[in-house]
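Enquirer: CSV, C-alpha atoms, saved as target-v4.csv, coming up:
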chain,number,residue,atom,x,y,z
X,1,MET,CA,-34.9,-10.0,-33.5
X,2,LYS,CA,-34.5,-6.9,-31.4
X,3,THR,CA,-34.6,-9.0,-28.3
X,4,ILE,CA,-31.8,-11.2,-29.6
X,5,LYS,CA,-29.7,-8.2,-30.5
X,6,ALA,CA,-30.2,-6.6,-27.0
X,7,MET,CA,-29.2,-9.8,-25.3
X,8,ALA,CA,-26.1,-10.0,-27.5
X,9,ALA,CA,-25.2,-6.5,-26.6
X,10,LEU,CA,-25.4,-7.2,-22.9
X,11,ILE,CA,-23.1,-10.2,-23.4
X,12,VAL,CA,-20.6,-8.2,-25.4
X,13,LEU,CA,-20.6,-5.1,-23.1
X,14,PRO,CA,-18.6,-6.6,-20.2
X,15,MET,CA,-16.0,-7.9,-22.8
X,16,GLY,CA,-15.8,-4.5,-24.4
X,17,LEU,CA,-15.1,-2.8,-21.2
X,18,GLY,CA,-11.9,-4.8,-21.0
X,19,GLY,CA,-10.8,-3.8,-17.5
X,20,CYS,CA,-12.8,-1.2,-15.6
X,21,ALA,CA,-9.9,-0.1,-13.4
X,22,THR,CA,-7.6,-0.2,-16.4
X,23,VAL,CA,-9.8,2.4,-18.1
X,24,ILE,CA,-10.3,4.6,-15.0
X,25,ASN,CA,-7.0,4.3,-13.2
X,26,GLY,CA,-4.5,3.3,-15.8
X,27,THR,CA,-1.6,1.0,-15.1
X,28,SER,CA,0.6,3.7,-13.6
X,29,GLN,CA,0.1,5.9,-10.5
X,30,ASP,CA,1.6,9.3,-9.7
X,31,ILE,CA,3.4,9.4,-6.4
X,32,GLN,CA,4.5,12.5,-4.5
X,33,VAL,CA,8.0,12.2,-3.1
X,34,ALA,CA,9.4,14.5,-0.4
X,35,SER,CA,12.1,14.7,2.2
X,36,GLU,CA,12.4,16.8,5.3
X,37,PRO,CA,14.6,18.7,4.9
X,38,SER,CA,14.1,18.9,1.2
X,39,GLY,CA,16.8,18.3,-1.4
X,40,ALA,CA,17.4,14.5,-0.8
X,41,THR,CA,18.4,12.4,-3.8
X,42,VAL,CA,15.8,9.6,-4.2
X,43,GLU,CA,16.5,6.6,-6.3
X,44,PHE,CA,14.0,3.8,-7.0
X,45,THR,CA,14.7,0.3,-8.1
X,46,GLY,CA,14.7,0.2,-11.9
X,47,GLY,CA,16.8,3.3,-12.3
X,48,ILE,CA,14.1,5.9,-11.7
X,49,GLY,CA,15.1,8.8,-9.6
X,50,CYS,CA,14.6,12.5,-8.7
X,51,THR,CA,15.5,15.2,-6.2
X,52,ALA,CA,12.8,15.7,-3.5
X,53,PRO,CA,10.3,17.2,-3.6
X,54,CYS,CA,9.2,15.7,-6.9
X,55,GLU,CA,6.5,13.6,-8.5
X,56,LEU,CA,7.0,10.3,-10.4
X,57,SER,CA,4.7,8.0,-12.3
X,58,LEU,CA,5.3,4.4,-11.2
X,59,LYS,CA,3.7,1.1,-12.3
X,60,ARG,CA,0.9,0.1,-10.0
X,61,LYS,CA,1.7,-3.6,-10.1
X,62,ASP,CA,5.3,-3.3,-9.0
X,63,ASP,CA,7.0,-3.0,-5.6
X,64,TYR,CA,9.9,-0.7,-5.2
X,65,ARG,CA,12.8,0.3,-2.9
X,66,ALA,CA,13.4,4.0,-2.6
X,67,ASP,CA,16.8,5.2,-1.3
X,68,PHE,CA,17.0,8.7,0.3
X,69,VAL,CA,20.5,10.3,0.4
X,70,LEU,CA,21.2,13.8,1.7
X,71,ASP,CA,24.5,15.2,2.9
X,72,GLY,CA,24.6,15.6,6.7
X,73,TYR,CA,21.8,13.1,7.2
X,74,LYS,CA,21.6,9.3,7.6
X,75,SER,CA,20.7,7.5,4.4
X,76,GLU,CA,17.4,5.8,4.5
X,77,TYR,CA,15.5,3.3,2.3
X,78,VAL,CA,11.7,2.8,2.2
X,79,TYR,CA,9.9,-0.1,0.7
X,80,VAL,CA,7.0,0.9,-1.5
X,81,GLN,CA,4.4,-1.8,-1.7
X,82,SER,CA,1.8,-2.5,-4.4
X,83,ARG,CA,-1.5,-3.3,-2.7
X,84,THR,CA,-4.6,-4.8,-4.2
X,85,GLY,CA,-7.4,-2.3,-3.9
X,86,GLY,CA,-11.0,-3.0,-2.9
X,87,ALA,CA,-12.1,-2.2,-6.5
X,88,ALA,CA,-11.1,-5.6,-7.7
X,89,ALA,CA,-14.5,-7.3,-6.9
X,90,GLY,CA,-16.3,-4.3,-8.5
X,91,ASN,CA,-14.3,-4.6,-11.6
X,92,ILE,CA,-15.4,-8.2,-12.0
X,93,LEU,CA,-19.0,-7.2,-11.6
X,94,MET,CA,-18.8,-4.2,-13.9
X,95,GLY,CA,-16.2,-5.4,-16.4
X,96,GLY,CA,-16.9,-9.1,-16.3
X,97,LEU,CA,-14.5,-11.9,-15.5
X,98,ILE,CA,-12.3,-10.9,-18.4
X,99,GLY,CA,-12.1,-7.3,-17.1
X,100,GLY,CA,-11.1,-8.6,-13.6
X,101,VAL,CA,-8.4,-10.8,-15.1
X,102,VAL,CA,-7.0,-7.9,-17.2
X,103,ASP,CA,-6.9,-5.6,-14.1
X,104,ALA,CA,-5.2,-8.3,-12.0
X,105,SER,CA,-2.6,-8.9,-14.6
X,106,ASN,CA,-1.6,-5.3,-15.3
X,107,GLY,CA,-2.1,-4.1,-11.8
X,108,ALA,CA,-4.7,-1.4,-12.6
X,109,SER,CA,-6.6,-2.3,-9.5
X,110,ASN,CA,-3.5,-1.9,-7.3
X,111,SER,CA,-2.3,1.2,-5.4
X,112,LEU,CA,1.2,2.1,-4.2
X,113,TYR,CA,1.8,2.5,-0.4
X,114,PRO,CA,3.0,4.7,1.2
X,115,ARG,CA,1.6,7.6,-0.8
X,116,PRO,CA,2.8,10.3,-0.5
X,117,LEU,CA,6.3,9.0,0.1
X,118,HIS,CA,7.4,11.7,2.6
X,119,VAL,CA,10.4,10.9,4.8
X,120,ARG,CA,11.7,13.0,7.7
X,121,LEU,CA,15.4,12.3,7.8
X,122,VAL,CA,17.7,12.2,10.8
X,123,ALA,CA,20.9,14.1,11.1
X,124,ASP,CA,24.2,12.2,11.3
X,125,GLY,CA,25.0,11.4,14.9
X,126,SER,CA,21.4,11.6,16.1
X,127,THR,CA,19.7,8.8,18.0
X,128,ASP,CA,16.3,9.7,16.6
X,129,GLU,CA,14.5,7.5,14.0
X,130,ALA,CA,13.5,8.5,10.5
X,131,VAL,CA,9.7,8.6,10.1
X,132,LEU,CA,7.1,8.6,7.4
X,133,LEU,CA,4.8,11.6,7.2
X,134,GLY,CA,1.2,11.7,5.9
X,135,LYS,CA,-0.6,14.1,3.7
X,136,GLU,CA,-1.1,16.6,6.5
X,137,GLY,CA,2.5,16.3,7.7
X,138,GLU,CA,1.5,13.9,10.6
X,139,VAL,CA,3.8,11.1,11.7
X,140,VAL,CA,2.4,7.8,10.2
X,141,SER,CA,5.1,5.5,11.6
X,142,THR,CA,8.9,5.1,11.8
X,143,VAL,CA,10.6,4.0,8.6
X,144,ALA,CA,11.8,0.9,10.4
X,145,GLU,CA,8.3,-0.1,11.5
X,146,HIS,CA,7.0,0.3,7.9
X,147,ASN,CA,9.8,-1.7,6.3
X,148,TYR,CA,9.5,-4.4,8.9
X,149,LYS,CA,5.8,-5.0,8.1
X,150,VAL,CA,6.2,-5.1,4.3
X,151,ARG,CA,9.8,-6.3,3.7
X,152,ASP,CA,9.0,-10.0,3.1
X,153,ASP,CA,6.4,-9.2,0.4
X,154,VAL,CA,8.5,-6.5,-1.3
X,155,GLU,CA,11.8,-8.3,-1.2
X,156,LYS,CA,10.2,-11.4,-2.7
X,157,SER,CA,8.8,-9.3,-5.5
X,158,LEU,CA,12.1,-7.5,-6.2
X,159,MET,CA,14.0,-10.7,-6.3
X,160,LYS,CA,11.5,-12.2,-8.6
X,161,ARG,CA,12.0,-9.3,-11.0
X,162,GLY,CA,15.8,-9.7,-10.7
X,163,LEU,CA,16.2,-6.3,-9.0
X,164,MET,CA,17.5,-7.8,-5.8
X,165,THR,CA,19.4,-10.9,-4.8
X,166,SER,CA,19.6,-12.6,-1.4
X,167,THR,CA,23.0,-11.0,-0.9
X,168,ASP,CA,21.6,-7.5,-1.7
X,169,LYS,CA,18.9,-7.7,1.0
X,170,PRO,CA,19.6,-5.0,3.6
X,171,VAL,CA,20.1,-6.2,7.1
X,172,MET,CA,17.8,-4.6,9.7
X,173,ILE,CA,20.0,-3.8,12.6
X,174,VAL,CA,17.7,-4.3,15.5
X,175,THR,CA,18.0,-6.1,18.8
X,176,GLU,CA,15.8,-9.1,19.7
X,177,GLU,CA,13.7,-6.8,22.0
X,178,GLU,CA,13.2,-4.3,19.2
X,179,ALA,CA,12.2,-7.0,16.7
X,180,ALA,CA,9.7,-8.4,19.2
X,181,LEU,CA,8.2,-4.9,19.7
X,182,LEU,CA,7.9,-4.4,15.9
X,183,GLN,CA,6.3,-7.8,15.5
X,184,ALA,CA,3.8,-7.2,18.4
X,185,LYS,CA,2.8,-3.8,16.9
X,186,ALA,CA,2.3,-5.4,13.4
X,187,ASN,CA,0.2,-8.2,15.0
X,188,SER,CA,-1.9,-5.6,16.9
X,189,GLU,CA,-2.6,-3.5,13.8
X,190,GLU,CA,-3.7,-6.7,11.9
X,191,THR,CA,-6.0,-7.6,14.8
X,192,VAL,CA,-7.6,-4.2,14.9
X,193,ASP,CA,-8.2,-4.3,11.1
X,194,SER,CA,-9.7,-7.7,11.4
X,195,GLN,CA,-12.1,-6.6,14.2
X,196,GLU,CA,-13.2,-3.5,12.2
X,197,ASN,CA,-14.0,-5.6,9.2
X,198,GLU,CA,-16.1,-8.1,11.3
X,199,GLN,CA,-17.9,-5.5,13.5
X,200,PRO,CA,-21.4,-4.7,12.2
X,201,SER,CA,-22.2,-1.2,11.3
X,202,GLU,CA,-23.8,1.2,13.8
X,203,ALA,CA,-27.0,1.3,11.7
X,204,VAL,CA,-27.3,-2.5,11.9
X,205,ALA,CA,-26.6,-2.5,15.6
X,206,GLU,CA,-29.3,0.1,16.3
X,207,GLU,CA,-31.8,-1.7,14.2
X,208,SER,CA,-31.2,-4.9,16.1
X,209,GLU,CA,-31.7,-3.1,19.4
X,210,ASN,CA,-35.0,-1.5,18.3
X,211,GLU,CA,-36.5,-4.8,17.0
X,212,PRO,CA,-39.2,-6.2,19.3
X,213,ASP,CA,-38.3,-9.3,21.3
X,214,GLY,CA,-40.3,-12.2,19.8
X,215,SER,CA,-40.2,-14.0,23.1
X,216,GLN,CA,-42.3,-11.4,24.9
X,217,PRO,CA,-46.1,-11.3,24.6
X,218,GLU,CA,-47.6,-8.4,22.8
Using structure tokens, write down the structure that the file contains.
Expert:
Amino acid sequence: MKTIKAMAALIVLPMGLGGCATVINGTSQDIQVASEPSGATVEFTGGIGCTAPCELSLKRKDDYRADFVLDGYKSEYVYVQSRTGGAAAGNILMGGLIGGVVDASNGASNSLYPRPLHVRLVADGSTDEAVLLGKEGEVVSTVAEHNYKVRDDVEKSLMKRGLMTSTDKPVMIVTEEEAALLQAKANSEETVDSQENEQPSEAVAEESENEPDGSQPE
């Protein structure tokens, strides 16, 4: 009887967990918003807004467009993308299939990018480009490069949610040469990511080198 109860408990446990990421992460994520210089008004799709620097809680499963406006500086928009995290597979193992489905449906296993959302604005009349800054204040990429890479996915999501129509889609004013450079850079980054995922670890490589060659006599 005890054995039967123990087996039943093991079966029920994954179901009781619901969604592992849901419990640990929650369905919302805090995102730090900043502008350089500070004081920009930032408005997200859905009517959420604040004055930078600030911190907002946004739904992990949703994509957003954030508009930065500051007197004396060019207005900029940044697409915030909801990305599936690597925890999804682990959630299925720990929380069972039901937990994985729950996390996928409510976006608990997703993370928002870029995070933090830190934009260095450009003064009116300047030919410089606005850039995204990282946690240490380092330049991550230009705003144009980031938007170019994620725009199809984010715009599709916003239109599906009724927050953007085809006529609302902002036009990226770039020349054919600039578009080609942006596409080439995006392709290059995808290739590097693919190679890093396929490359064996250093430990495996060293172990392979140290193994005796079976073709040589002892």
Enquirer: Select, from X:Thr84, X:Ser57, X:Ser75, X:Asn110, the residue with the minimum atom-to-atom distance to Asp124 in chain X, counting only C-alpha atoms.
Expert: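 When distances to Asp124 in chain X are compared using only C-alpha atoms, the smallest one comes from X:Ser75.
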Enquirer: Which is closest to Val140 in chain X among X:Leu56, X:Tyr113, X:Phe44, X:Glu155, if we use only C-alpha atoms?
Expert: X:Tyr113
Enquirer: Provide the CA of Asp63 in chain X to CA of Gln81 in chain X distance in Å, to one decimal place.
Expert: 4.8 Å
Enquirer: Give me the residues near Gly47 in chain X as a PDB file with C-alpha atoms, in the frame of the given file, where near means some atom within 12 Å (using only C-alpha atoms) and where sequence neighbours in that chain fewer than 5 positions away do not count.
Expert:
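Saved result, result-v6.pdb, follows:
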ATOM      1  CA  VAL X  42      15.800   9.600  -4.200  1.00  0.00           C
ATOM      2  CA  LEU X  58       5.300   4.400 -11.200  1.00  0.00           C
ATOM      3  CA  TYR X  64       9.900  -0.700  -5.200  1.00  0.00           C
ATOM      4  CA  ARG X  65      12.800   0.300  -2.900  1.00  0.00           C
ATOM      5  CA  ALA X  66      13.400   4.000  -2.600  1.00  0.00           C
ATOM      6  CA  ASP X  67      16.800   5.200  -1.300  1.00  0.00           C
ATOM      7  CA  LEU X 163      16.200  -6.300  -9.000  1.00  0.00           C
TER       8      LEU X 163
END
Enquirer: One decimal, in Å: what's the spacing between CA of Lys74 in chain X and CA of Ser166 in chain X?
Expert: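 Rounded to one decimal, the two atoms are 23.8 Å apart.
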Enquirer: Would you mind telling me which residue in X:Thr142, X:Asn187, X:Ser109, X:Thr41 lies nearest to Lys59 in chain X when using only C-alpha atoms?
Expert: X:Ser109
